[in-house]
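This is data.cif. It holds mmCIF, N, CA and C atoms.
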data_protein
loop_
_atom_site.label_atom_id
_atom_site.label_comp_id
_atom_site.auth_asym_id
_atom_site.auth_seq_id
_atom_site.Cartn_x
_atom_site.Cartn_y
_atom_site.Cartn_z
N PHE C 15 -7.59 -14.75 5.08
CA PHE C 15 -6.22 -14.44 4.71
C PHE C 15 -5.20 -15.07 5.68
N HIS C 16 -5.69 -15.77 6.69
CA HIS C 16 -4.84 -16.50 7.62
C HIS C 16 -3.69 -15.64 8.14
N THR C 17 -4.06 -14.51 8.71
CA THR C 17 -3.04 -13.59 9.20
C THR C 17 -3.51 -12.94 10.49
N GLU C 18 -2.83 -11.92 10.88
CA GLU C 18 -3.10 -11.22 12.14
C GLU C 18 -3.86 -9.92 11.87
N TRP C 19 -4.56 -9.47 12.91
CA TRP C 19 -5.18 -8.15 12.86
C TRP C 19 -4.94 -7.47 14.19
N VAL C 20 -4.91 -6.15 14.16
CA VAL C 20 -4.63 -5.36 15.35
C VAL C 20 -5.86 -4.51 15.68
N PRO C 21 -6.43 -4.73 16.86
CA PRO C 21 -7.57 -3.90 17.25
C PRO C 21 -7.13 -2.48 17.58
N GLU C 22 -8.10 -1.63 17.78
CA GLU C 22 -7.85 -0.22 18.08
C GLU C 22 -7.43 -0.06 19.54
N PHE C 23 -6.18 0.29 19.77
CA PHE C 23 -5.66 0.49 21.12
C PHE C 23 -6.42 1.60 21.84
N ALA C 24 -6.71 2.67 21.13
CA ALA C 24 -7.36 3.84 21.74
C ALA C 24 -8.70 3.49 22.38
N ARG C 25 -9.46 2.63 21.74
CA ARG C 25 -10.79 2.29 22.26
C ARG C 25 -10.69 1.72 23.67
N GLY C 26 -9.86 0.72 23.88
CA GLY C 26 -9.71 0.13 25.21
C GLY C 26 -9.14 1.11 26.22
N PHE C 27 -8.13 1.83 25.80
CA PHE C 27 -7.48 2.81 26.68
C PHE C 27 -8.47 3.90 27.11
N LEU C 28 -9.19 4.46 26.14
CA LEU C 28 -10.12 5.55 26.45
C LEU C 28 -11.38 5.07 27.15
N GLN C 29 -11.81 3.83 26.87
CA GLN C 29 -12.98 3.31 27.58
C GLN C 29 -12.66 3.16 29.06
N LYS C 30 -11.46 2.68 29.36
CA LYS C 30 -11.04 2.55 30.76
C LYS C 30 -11.00 3.93 31.43
N LYS C 31 -10.47 4.92 30.72
CA LYS C 31 -10.41 6.28 31.26
C LYS C 31 -11.83 6.79 31.54
N TRP C 32 -12.73 6.55 30.60
CA TRP C 32 -14.12 6.98 30.77
C TRP C 32 -14.78 6.26 31.95
N ASP C 33 -14.60 4.96 32.01
CA ASP C 33 -15.20 4.17 33.08
C ASP C 33 -14.70 4.60 34.46
N ASN C 34 -13.42 4.97 34.54
CA ASN C 34 -12.83 5.34 35.83
C ASN C 34 -13.16 6.76 36.27
N SER C 35 -13.27 7.69 35.30
CA SER C 35 -13.42 9.10 35.70
C SER C 35 -14.32 9.93 34.79
N GLN C 36 -15.00 9.31 33.83
CA GLN C 36 -15.85 9.99 32.85
C GLN C 36 -15.10 11.11 32.13
N GLU C 37 -13.82 10.87 31.88
CA GLU C 37 -13.00 11.82 31.12
C GLU C 37 -12.83 11.32 29.69
N VAL C 38 -12.77 12.28 28.76
CA VAL C 38 -12.56 11.96 27.35
C VAL C 38 -11.09 12.13 26.99
N CYS C 39 -10.76 11.84 25.77
CA CYS C 39 -9.39 11.91 25.29
C CYS C 39 -8.82 13.31 25.43
N SER C 40 -7.61 13.38 25.97
CA SER C 40 -6.89 14.64 26.07
C SER C 40 -5.74 14.63 25.08
N LEU C 41 -5.19 15.78 24.85
CA LEU C 41 -4.04 15.89 23.96
C LEU C 41 -2.89 15.02 24.47
N GLU C 42 -2.70 14.97 25.76
CA GLU C 42 -1.63 14.18 26.36
C GLU C 42 -1.83 12.68 26.11
N ASP C 43 -3.08 12.25 26.00
CA ASP C 43 -3.37 10.82 25.76
C ASP C 43 -2.88 10.35 24.40
N LEU C 44 -2.77 11.25 23.44
CA LEU C 44 -2.46 10.84 22.07
C LEU C 44 -1.10 10.15 21.95
N HIS C 45 -0.13 10.58 22.75
CA HIS C 45 1.18 9.94 22.71
C HIS C 45 1.07 8.50 23.21
N THR C 46 0.37 8.29 24.32
CA THR C 46 0.16 6.94 24.86
C THR C 46 -0.57 6.07 23.85
N ILE C 47 -1.57 6.64 23.20
CA ILE C 47 -2.35 5.90 22.20
C ILE C 47 -1.47 5.51 21.02
N ALA C 48 -0.70 6.44 20.51
CA ALA C 48 0.17 6.15 19.36
C ALA C 48 1.20 5.07 19.69
N ILE C 49 1.83 5.19 20.84
CA ILE C 49 2.85 4.21 21.24
C ILE C 49 2.20 2.84 21.46
N GLY C 50 1.05 2.81 22.13
CA GLY C 50 0.36 1.54 22.36
C GLY C 50 -0.06 0.88 21.06
N GLN C 51 -0.56 1.66 20.11
CA GLN C 51 -0.97 1.13 18.82
C GLN C 51 0.23 0.58 18.05
N MET C 52 1.31 1.35 18.02
CA MET C 52 2.50 0.91 17.29
C MET C 52 3.08 -0.37 17.90
N LYS C 53 3.09 -0.46 19.22
CA LYS C 53 3.59 -1.66 19.88
C LYS C 53 2.75 -2.87 19.49
N ALA C 54 1.43 -2.72 19.51
CA ALA C 54 0.54 -3.82 19.12
C ALA C 54 0.75 -4.21 17.66
N GLU C 55 0.93 -3.22 16.79
CA GLU C 55 1.17 -3.50 15.37
C GLU C 55 2.48 -4.25 15.18
N ASN C 56 3.52 -3.80 15.83
CA ASN C 56 4.83 -4.45 15.69
C ASN C 56 4.81 -5.88 16.21
N ASN C 57 4.11 -6.12 17.31
CA ASN C 57 3.99 -7.48 17.83
C ASN C 57 3.23 -8.38 16.86
N ALA C 58 2.14 -7.88 16.31
CA ALA C 58 1.34 -8.66 15.37
C ALA C 58 2.09 -8.89 14.06
N LEU C 59 2.87 -7.93 13.65
CA LEU C 59 3.62 -8.04 12.40
C LEU C 59 4.58 -9.23 12.42
N LYS C 60 5.10 -9.56 13.58
CA LYS C 60 6.02 -10.69 13.71
C LYS C 60 5.33 -12.02 13.36
N LYS C 61 4.01 -12.07 13.53
CA LYS C 61 3.26 -13.31 13.29
C LYS C 61 2.42 -13.25 12.02
N ALA C 62 2.40 -12.12 11.35
CA ALA C 62 1.52 -11.92 10.19
C ALA C 62 1.96 -12.75 8.99
N ASN C 63 0.98 -13.07 8.15
CA ASN C 63 1.21 -13.81 6.94
C ASN C 63 0.90 -12.91 5.74
N LYS C 64 1.89 -12.30 5.16
CA LYS C 64 1.80 -11.44 3.97
C LYS C 64 1.12 -10.10 4.22
N VAL C 65 0.09 -10.08 5.04
CA VAL C 65 -0.66 -8.85 5.25
C VAL C 65 -1.01 -8.74 6.74
N LEU C 66 -1.05 -7.53 7.23
CA LEU C 66 -1.47 -7.26 8.60
C LEU C 66 -2.63 -6.28 8.54
N PHE C 67 -3.73 -6.64 9.17
CA PHE C 67 -4.89 -5.76 9.21
C PHE C 67 -4.87 -4.95 10.50
N CYS C 68 -5.03 -3.65 10.36
CA CYS C 68 -5.05 -2.76 11.52
C CYS C 68 -6.36 -1.99 11.52
N ASP C 69 -7.06 -2.04 12.63
CA ASP C 69 -8.32 -1.32 12.74
C ASP C 69 -8.08 0.18 12.65
N THR C 70 -6.95 0.63 13.11
CA THR C 70 -6.58 2.04 13.11
C THR C 70 -5.06 2.13 13.07
N ASN C 71 -4.52 3.34 13.00
CA ASN C 71 -3.07 3.50 13.05
C ASN C 71 -2.70 4.95 13.33
N ILE C 72 -1.43 5.26 13.18
CA ILE C 72 -0.92 6.59 13.51
C ILE C 72 -1.55 7.68 12.62
N TRP C 73 -1.94 7.36 11.39
CA TRP C 73 -2.61 8.35 10.54
C TRP C 73 -3.95 8.77 11.13
N VAL C 74 -4.66 7.81 11.69
CA VAL C 74 -5.93 8.12 12.33
C VAL C 74 -5.70 9.00 13.56
N THR C 75 -4.64 8.71 14.31
CA THR C 75 -4.29 9.55 15.46
C THR C 75 -3.97 10.96 15.00
N LYS C 76 -3.27 11.08 13.89
CA LYS C 76 -2.94 12.40 13.33
C LYS C 76 -4.22 13.17 12.99
N VAL C 77 -5.10 12.54 12.27
CA VAL C 77 -6.36 13.19 11.86
C VAL C 77 -7.16 13.58 13.09
N TRP C 78 -7.27 12.68 14.03
CA TRP C 78 -8.05 12.96 15.24
C TRP C 78 -7.44 14.12 16.01
N SER C 79 -6.12 14.13 16.12
CA SER C 79 -5.44 15.22 16.82
C SER C 79 -5.72 16.55 16.13
N GLU C 80 -5.56 16.58 14.84
CA GLU C 80 -5.76 17.83 14.10
C GLU C 80 -7.20 18.32 14.12
N THR C 81 -8.15 17.40 14.09
CA THR C 81 -9.55 17.81 14.06
C THR C 81 -10.11 18.11 15.44
N HIS C 82 -9.51 17.58 16.47
CA HIS C 82 -10.02 17.78 17.82
C HIS C 82 -9.19 18.75 18.66
N PHE C 83 -8.00 19.07 18.22
CA PHE C 83 -7.12 19.96 18.98
C PHE C 83 -6.57 21.08 18.10
N SER C 84 -7.48 21.72 17.38
CA SER C 84 -7.19 22.95 16.62
C SER C 84 -6.01 22.81 15.67
N GLY C 85 -5.91 21.69 14.98
CA GLY C 85 -4.87 21.50 13.98
C GLY C 85 -3.55 21.01 14.53
N TYR C 86 -3.45 20.79 15.82
CA TYR C 86 -2.18 20.40 16.44
C TYR C 86 -1.88 18.91 16.27
N PHE C 87 -0.65 18.62 15.93
CA PHE C 87 -0.13 17.26 15.91
C PHE C 87 1.30 17.35 16.39
N SER C 88 1.63 16.70 17.49
CA SER C 88 2.92 16.90 18.15
C SER C 88 4.11 16.50 17.28
N PRO C 89 5.24 17.17 17.47
CA PRO C 89 6.46 16.80 16.73
C PRO C 89 6.89 15.35 16.98
N GLU C 90 6.68 14.85 18.21
CA GLU C 90 7.05 13.47 18.53
C GLU C 90 6.21 12.49 17.69
N LEU C 91 4.92 12.77 17.59
CA LEU C 91 4.07 11.90 16.80
C LEU C 91 4.34 12.03 15.30
N LYS C 92 4.72 13.23 14.87
CA LYS C 92 5.11 13.40 13.46
C LYS C 92 6.30 12.51 13.13
N ASN C 93 7.25 12.41 14.06
CA ASN C 93 8.42 11.55 13.83
C ASN C 93 8.03 10.09 13.74
N ILE C 94 7.09 9.67 14.59
CA ILE C 94 6.61 8.28 14.51
C ILE C 94 5.94 8.06 13.15
N LEU C 95 5.12 9.00 12.73
CA LEU C 95 4.42 8.89 11.46
C LEU C 95 5.40 8.73 10.30
N LYS C 96 6.50 9.47 10.33
CA LYS C 96 7.50 9.40 9.27
C LYS C 96 8.19 8.04 9.21
N SER C 97 8.18 7.32 10.32
CA SER C 97 8.93 6.06 10.40
C SER C 97 8.14 4.83 9.95
N VAL C 98 6.86 5.02 9.63
CA VAL C 98 6.03 3.87 9.25
C VAL C 98 5.42 4.06 7.88
N ARG C 99 5.09 2.93 7.27
CA ARG C 99 4.42 2.96 5.97
C ARG C 99 3.36 1.88 5.95
N TYR C 100 2.19 2.25 5.50
CA TYR C 100 1.09 1.30 5.35
C TYR C 100 0.79 1.21 3.86
N ASP C 101 0.51 0.02 3.39
CA ASP C 101 0.37 -0.20 1.96
C ASP C 101 -0.99 0.18 1.40
N TYR C 102 -2.04 0.00 2.19
CA TYR C 102 -3.37 0.21 1.64
C TYR C 102 -4.35 0.50 2.76
N TYR C 103 -5.34 1.32 2.44
CA TYR C 103 -6.37 1.69 3.41
C TYR C 103 -7.75 1.39 2.85
N PHE C 104 -8.61 0.99 3.76
CA PHE C 104 -10.04 0.93 3.47
C PHE C 104 -10.67 2.05 4.29
N LEU C 105 -11.16 3.04 3.59
CA LEU C 105 -11.81 4.18 4.23
C LEU C 105 -13.30 3.89 4.26
N THR C 106 -13.86 3.76 5.44
CA THR C 106 -15.27 3.40 5.56
C THR C 106 -16.15 4.63 5.37
N ASN C 107 -17.12 4.48 4.50
CA ASN C 107 -18.04 5.56 4.19
C ASN C 107 -18.97 5.80 5.38
N ILE C 108 -19.68 6.90 5.33
CA ILE C 108 -20.58 7.28 6.42
C ILE C 108 -22.03 6.95 6.08
N ASP C 109 -22.22 5.93 5.25
CA ASP C 109 -23.56 5.56 4.80
C ASP C 109 -24.28 4.58 5.73
N VAL C 110 -23.74 4.37 6.90
CA VAL C 110 -24.41 3.55 7.92
C VAL C 110 -24.77 4.47 9.09
N PRO C 111 -25.80 4.12 9.85
CA PRO C 111 -26.20 4.98 10.97
C PRO C 111 -25.09 5.14 12.01
N TRP C 112 -25.01 6.33 12.56
CA TRP C 112 -24.10 6.61 13.67
C TRP C 112 -24.68 5.98 14.92
N VAL C 113 -23.84 5.27 15.68
CA VAL C 113 -24.29 4.61 16.90
C VAL C 113 -23.56 5.21 18.09
N LYS C 114 -24.33 5.74 19.01
CA LYS C 114 -23.75 6.37 20.20
C LYS C 114 -23.13 5.33 21.12
N ASP C 115 -21.98 5.67 21.68
CA ASP C 115 -21.39 4.91 22.79
C ASP C 115 -20.64 5.92 23.65
N ASP C 116 -19.92 5.46 24.63
CA ASP C 116 -19.24 6.36 25.56
C ASP C 116 -18.16 7.20 24.89
N LEU C 117 -17.61 6.74 23.77
CA LEU C 117 -16.45 7.39 23.18
C LEU C 117 -16.73 8.14 21.89
N ARG C 118 -17.72 7.73 21.15
CA ARG C 118 -17.98 8.38 19.86
C ARG C 118 -18.47 9.81 20.07
N ASP C 119 -18.00 10.67 19.23
CA ASP C 119 -18.42 12.06 19.32
C ASP C 119 -18.73 12.61 17.92
N ARG C 120 -19.24 13.79 17.89
CA ARG C 120 -19.49 14.54 16.66
C ARG C 120 -20.40 13.82 15.65
N PRO C 121 -21.57 13.40 16.07
CA PRO C 121 -22.46 12.72 15.12
C PRO C 121 -22.89 13.63 13.97
N ASP C 122 -22.85 14.93 14.18
CA ASP C 122 -23.25 15.87 13.14
C ASP C 122 -22.10 16.30 12.24
N ASN C 123 -20.91 15.77 12.49
CA ASN C 123 -19.74 16.15 11.70
C ASN C 123 -19.13 14.97 10.95
N ARG C 124 -19.93 13.96 10.69
CA ARG C 124 -19.41 12.75 10.04
C ARG C 124 -18.86 13.04 8.65
N GLU C 125 -19.58 13.85 7.89
CA GLU C 125 -19.11 14.17 6.54
C GLU C 125 -17.81 14.96 6.59
N GLU C 126 -17.72 15.89 7.50
CA GLU C 126 -16.49 16.68 7.66
C GLU C 126 -15.31 15.78 8.02
N MET C 127 -15.52 14.85 8.95
CA MET C 127 -14.45 13.93 9.35
C MET C 127 -14.06 13.01 8.19
N PHE C 128 -15.05 12.47 7.50
CA PHE C 128 -14.78 11.61 6.36
C PHE C 128 -13.94 12.36 5.33
N ASN C 129 -14.33 13.58 5.01
CA ASN C 129 -13.61 14.37 4.01
C ASN C 129 -12.20 14.72 4.47
N TYR C 130 -12.02 14.94 5.75
CA TYR C 130 -10.67 15.23 6.26
C TYR C 130 -9.78 13.99 6.12
N PHE C 131 -10.31 12.82 6.53
CA PHE C 131 -9.55 11.58 6.35
C PHE C 131 -9.21 11.36 4.88
N LYS C 132 -10.20 11.49 4.01
CA LYS C 132 -9.99 11.29 2.58
C LYS C 132 -8.95 12.27 2.04
N GLY C 133 -9.05 13.52 2.47
CA GLY C 133 -8.08 14.53 2.04
C GLY C 133 -6.67 14.18 2.45
N GLN C 134 -6.49 13.65 3.65
CA GLN C 134 -5.16 13.25 4.10
C GLN C 134 -4.61 12.10 3.25
N LEU C 135 -5.45 11.16 2.93
CA LEU C 135 -5.01 10.05 2.07
C LEU C 135 -4.63 10.58 0.68
N ASP C 136 -5.45 11.48 0.14
CA ASP C 136 -5.19 12.03 -1.19
C ASP C 136 -3.91 12.86 -1.22
N VAL C 137 -3.77 13.80 -0.30
CA VAL C 137 -2.62 14.70 -0.32
C VAL C 137 -1.31 13.95 -0.05
N ASN C 138 -1.38 12.86 0.68
CA ASN C 138 -0.18 12.07 0.96
C ASN C 138 0.00 10.91 -0.01
N GLU C 139 -0.84 10.88 -1.05
CA GLU C 139 -0.76 9.89 -2.12
C GLU C 139 -0.72 8.46 -1.58
N ILE C 140 -1.66 8.18 -0.67
CA ILE C 140 -1.78 6.86 -0.06
C ILE C 140 -2.90 6.11 -0.76
N GLN C 141 -2.63 4.87 -1.15
CA GLN C 141 -3.64 4.07 -1.85
C GLN C 141 -4.77 3.68 -0.91
N TYR C 142 -6.00 3.80 -1.41
CA TYR C 142 -7.15 3.43 -0.59
C TYR C 142 -8.36 3.17 -1.46
N SER C 143 -9.34 2.53 -0.84
CA SER C 143 -10.67 2.37 -1.43
C SER C 143 -11.67 2.82 -0.39
N VAL C 144 -12.75 3.43 -0.86
CA VAL C 144 -13.86 3.75 0.01
C VAL C 144 -14.79 2.54 0.00
N VAL C 145 -15.11 2.03 1.17
CA VAL C 145 -16.04 0.91 1.25
C VAL C 145 -17.37 1.41 1.80
N SER C 146 -18.42 1.02 1.12
CA SER C 146 -19.77 1.48 1.45
C SER C 146 -20.69 0.28 1.60
N GLY C 147 -21.89 0.56 2.08
CA GLY C 147 -22.90 -0.48 2.20
C GLY C 147 -22.92 -1.09 3.59
N GLY C 148 -23.71 -2.15 3.71
CA GLY C 148 -23.82 -2.87 4.97
C GLY C 148 -22.58 -3.69 5.27
N LYS C 149 -22.59 -4.34 6.40
CA LYS C 149 -21.44 -5.10 6.87
C LYS C 149 -20.96 -6.14 5.85
N GLU C 150 -21.89 -6.93 5.32
CA GLU C 150 -21.51 -7.99 4.36
C GLU C 150 -20.98 -7.40 3.06
N GLU C 151 -21.63 -6.33 2.61
CA GLU C 151 -21.19 -5.69 1.36
C GLU C 151 -19.79 -5.10 1.52
N ARG C 152 -19.54 -4.45 2.64
CA ARG C 152 -18.21 -3.88 2.89
C ARG C 152 -17.15 -4.98 2.91
N LEU C 153 -17.45 -6.06 3.61
CA LEU C 153 -16.49 -7.17 3.69
C LEU C 153 -16.23 -7.75 2.30
N LYS C 154 -17.29 -7.96 1.54
CA LYS C 154 -17.16 -8.52 0.19
C LYS C 154 -16.28 -7.62 -0.68
N ARG C 155 -16.52 -6.32 -0.64
CA ARG C 155 -15.72 -5.39 -1.45
C ARG C 155 -14.27 -5.38 -1.02
N ALA C 156 -14.03 -5.42 0.29
CA ALA C 156 -12.66 -5.42 0.79
C ALA C 156 -11.93 -6.68 0.33
N ILE C 157 -12.60 -7.82 0.42
CA ILE C 157 -11.98 -9.08 -0.01
C ILE C 157 -11.67 -9.05 -1.50
N LEU C 158 -12.60 -8.56 -2.31
CA LEU C 158 -12.35 -8.46 -3.75
C LEU C 158 -11.14 -7.57 -4.04
N THR C 159 -11.05 -6.46 -3.33
CA THR C 159 -9.91 -5.55 -3.52
C THR C 159 -8.60 -6.23 -3.14
N LEU C 160 -8.59 -6.91 -2.01
CA LEU C 160 -7.38 -7.60 -1.58
C LEU C 160 -7.01 -8.73 -2.52
N ASP C 161 -8.00 -9.44 -3.02
CA ASP C 161 -7.72 -10.50 -4.00
C ASP C 161 -7.02 -9.93 -5.24
N LYS C 162 -7.43 -8.75 -5.69
CA LYS C 162 -6.80 -8.10 -6.84
C LYS C 162 -5.36 -7.70 -6.51
N ILE C 163 -5.15 -7.18 -5.32
CA ILE C 163 -3.82 -6.75 -4.91
C ILE C 163 -2.85 -7.94 -4.85
N PHE C 164 -3.34 -9.07 -4.36
CA PHE C 164 -2.47 -10.23 -4.17
C PHE C 164 -2.36 -11.13 -5.39
N ASP C 165 -3.09 -10.84 -6.46
CA ASP C 165 -2.98 -11.64 -7.69
C ASP C 165 -1.74 -11.31 -8.44
#

Show me this structure written as structure tokens.
Amino acid sequence: FHTEWVPEFARGFLQKKWDNSQEVCSLEDLHTIAIGQMKAENNALKKANKVLFCDTNIWVTKVWSETHFSGYFSPELKNILKSVRYDYYFLTNIDVPWVKDDLRDRPDNREEMFNYFKGQLDVNEIQYSVVSGGKEERLKRAILTLDKIFD
């Protein structure tokens, strides 16, 4: 698609935190993560060609906050969420094995997390597709979907 993509800001930020002190994400980190992600998205958007791919975004931060901090999502982050719009989501299914790393958690709650993400997309009437299968199959399906959108 000859365009830009934005990696997940949280992964680098939280990996550094883990490497330095073996600490996991705190509620206070979510503001830094949201601002860092939005800054990266806005910078990439200036160079994007028709579409910008984002590995994650403020909606993911919202879901993570609510599922990991007893339903809490800060008013400041709610305001950021209201100020942005994303056109389409690819929601990745949980049909691939969970792979442990320093940051991934809740291997036994994958279905619950998937359903929460899906529920947020549904209740907020956000367009999305669920992509399933192996790496090549997921990519193929995503490309076919994007080709339909851009036709």

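Residues matched by the PyMOL selection byres (((chain C and resi 98 and name CA) around 12) and name CA) in this structure: Ala48, Met52, Glu55, Asn56, Asn71, Ile72, Trp73, Leu91, Lys92, Asn93, Ile94, Leu95, Lys96, Ser97, Arg99, Tyr100 and Asp101 of chain C.
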
DSSP on the backbone: what in chain C comes out alpha helix (DSSP H), as a ChimeraX atom specification? /C:23-35,43-59,72-82,89-96,124-137,149-164

Show which residues sit within 10 Å of Arg25 (chain C), as a PyMOL selection string. Count only C-alpha atoms, and ignore same-chain residues fewer than 2 positions away. chain C and resi 21-23+27-31+47+116-118

Give me, as a list in words, the residues of region 33-130 of chain C that a backbone DSSP run labels strand (DSSP E).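 Answer for region 33-130 of chain C, restricted to strand (DSSP E): Leu66, Phe67, Cys68, Tyr103, Phe104, Leu105 and Thr106 of chain C.
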
Residues picked by the PyMOL selection byres (((chain C and resi 126-132 and name CA) around 10) and name CA) here, as a list in words?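 Selected by the PyMOL selection byres (((chain C and resi 126-132 and name CA) around 10) and name CA) in this file: Trp73, Val74, Lys76, Val77, Trp78, Glu80, Thr81, Leu105, Thr106, Asn107, Ile108, Arg120, Pro121, Asp122, Asn123, Arg124, Glu125, Gly133, Gln134, Leu135, Asp136, Val137, Asn138, Ile140, Tyr142, Ser143 and Val144 of chain C.
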
Of the listed residues C:Lys154, C:Lys114, C:His16, C:Lys162, that which approaches Val65 (chain C) most closely, counting only N, CA and C atoms: C:His16

Option closest in space to Thr17 (chain C), from C:Thr159, C:Ser79, C:Asn63, C:Gln141 [counting only C-alpha atoms]: C:Asn63

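Applied to the file shown here, the PyMOL selection byres ((chain C and resi 19) around 6) selects the residues Thr17, Glu18, Val20, Pro21, Leu66, Phe67 and Cys68 of chain C.
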
Residues of the last selection are to be written out with N, CA and C atoms, as a CSV table (one decimal), keeping the file's coordinate frame.
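To be explicit, this is the file written out as selection_15.csv:
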chain,number,residue,atom,x,y,z
C,17,THR,N,-4.1,-14.5,8.7
C,17,THR,CA,-3.0,-13.6,9.2
C,17,THR,C,-3.5,-12.9,10.5
C,18,GLU,N,-2.8,-11.9,10.9
C,18,GLU,CA,-3.1,-11.2,12.1
C,18,GLU,C,-3.9,-9.9,11.9
C,20,VAL,N,-4.9,-6.2,14.2
C,20,VAL,CA,-4.6,-5.4,15.4
C,20,VAL,C,-5.9,-4.5,15.7
C,21,PRO,N,-6.4,-4.7,16.9
C,21,PRO,CA,-7.6,-3.9,17.2
C,21,PRO,C,-7.1,-2.5,17.6
C,66,LEU,N,-1.0,-7.5,7.2
C,66,LEU,CA,-1.5,-7.3,8.6
C,66,LEU,C,-2.6,-6.3,8.5
C,67,PHE,N,-3.7,-6.6,9.2
C,67,PHE,CA,-4.9,-5.8,9.2
C,67,PHE,C,-4.9,-5.0,10.5
C,68,CYS,N,-5.0,-3.6,10.4
C,68,CYS,CA,-5.0,-2.8,11.5
C,68,CYS,C,-6.4,-2.0,11.5

CA of Leu158 (chain C) to CA of Lys61 (chain C): how many Å, to one decimal?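 Separating CA of Leu158 (chain C) from CA of Lys61 (chain C) is a distance of 23.6 Å.
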
Computed interatomic separation between CA of Ser40 (chain C) and CA of Ser88 (chain C) (Å):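 Computing it gives 12.8 Å between the two atoms.
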
Grab the CA of Ala54 (chain C) to CA of Ala156 (chain C) distance for me, in Å with one decimal place.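 A separation of 22.6 Å between them.
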
Taking all atoms listed in the file into account, which of C:Gly148, C:Leu153, C:His45, C:Thr70 comes nearest Glu90 (chain C)? C:His45

Where atoms are missing, can you supply all heavy atoms for region 103-108 of chain C and output the lot as a JSON list (two decimals), keeping the file's coordinate frame?
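Printed below is result-v3.json as written:
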[["chain", "number", "residue", "atom", "x", "y", "z"],
["C", 103, "TYR", "N", -5.34, 1.32, 2.44],
["C", 103, "TYR", "CA", -6.37, 1.69, 3.41],
["C", 103, "TYR", "C", -7.75, 1.39, 2.85],
["C", 103, "TYR", "O", -8.00, 1.56, 1.66],
["C", 103, "TYR", "CB", -6.32, 3.19, 3.69],
["C", 103, "TYR", "CG", -5.20, 3.58, 4.61],
["C", 103, "TYR", "CD1", -3.90, 3.69, 4.14],
["C", 103, "TYR", "CD2", -5.43, 3.83, 5.95],
["C", 103, "TYR", "CE1", -2.87, 4.04, 4.97],
["C", 103, "TYR", "CE2", -4.42, 4.18, 6.80],
["C", 103, "TYR", "CZ", -3.13, 4.29, 6.31],
["C", 103, "TYR", "OH", -2.11, 4.62, 7.14],
["C", 104, "PHE", "N", -8.61, 0.99, 3.76],
["C", 104, "PHE", "CA", -10.04, 0.93, 3.47],
["C", 104, "PHE", "C", -10.67, 2.05, 4.29],
["C", 104, "PHE", "O", -10.66, 2.01, 5.52],
["C", 104, "PHE", "CB", -10.65, -0.42, 3.85],
["C", 104, "PHE", "CG", -10.19, -1.54, 2.97],
["C", 104, "PHE", "CD1", -9.26, -2.46, 3.41],
["C", 104, "PHE", "CD2", -10.68, -1.64, 1.68],
["C", 104, "PHE", "CE1", -8.83, -3.49, 2.58],
["C", 104, "PHE", "CE2", -10.26, -2.66, 0.84],
["C", 104, "PHE", "CZ", -9.33, -3.58, 1.29],
["C", 105, "LEU", "N", -11.16, 3.04, 3.59],
["C", 105, "LEU", "CA", -11.81, 4.18, 4.23],
["C", 105, "LEU", "C", -13.30, 3.89, 4.26],
["C", 105, "LEU", "O", -13.94, 3.75, 3.21],
["C", 105, "LEU", "CB", -11.52, 5.47, 3.44],
["C", 105, "LEU", "CG", -12.15, 6.75, 3.97],
["C", 105, "LEU", "CD1", -11.67, 7.06, 5.38],
["C", 105, "LEU", "CD2", -11.84, 7.91, 3.02],
["C", 106, "THR", "N", -13.86, 3.76, 5.44],
["C", 106, "THR", "CA", -15.27, 3.40, 5.56],
["C", 106, "THR", "C", -16.15, 4.63, 5.37],
["C", 106, "THR", "O", -15.93, 5.68, 5.99],
["C", 106, "THR", "CB", -15.56, 2.73, 6.91],
["C", 106, "THR", "OG1", -15.09, 3.56, 7.96],
["C", 106, "THR", "CG2", -14.88, 1.38, 6.99],
["C", 107, "ASN", "N", -17.12, 4.48, 4.50],
["C", 107, "ASN", "CA", -18.04, 5.56, 4.19],
["C", 107, "ASN", "C", -18.97, 5.80, 5.38],
["C", 107, "ASN", "O", -19.05, 4.99, 6.31],
["C", 107, "ASN", "CB", -18.84, 5.20, 2.94],
["C", 107, "ASN", "CG", -19.35, 6.42, 2.21],
["C", 107, "ASN", "OD1", -19.45, 7.50, 2.78],
["C", 107, "ASN", "ND2", -19.68, 6.25, 0.95],
["C", 108, "ILE", "N", -19.68, 6.90, 5.33],
["C", 108, "ILE", "CA", -20.58, 7.28, 6.42],
["C", 108, "ILE", "C", -22.03, 6.95, 6.08],
["C", 108, "ILE", "O", -22.96, 7.58, 6.58],
["C", 108, "ILE", "CB", -20.43, 8.78, 6.76],
["C", 108, "ILE", "CG1", -20.67, 9.64, 5.51],
["C", 108, "ILE", "CG2", -19.06, 9.05, 7.34],
["C", 108, "ILE", "CD1", -20.74, 11.13, 5.80]]
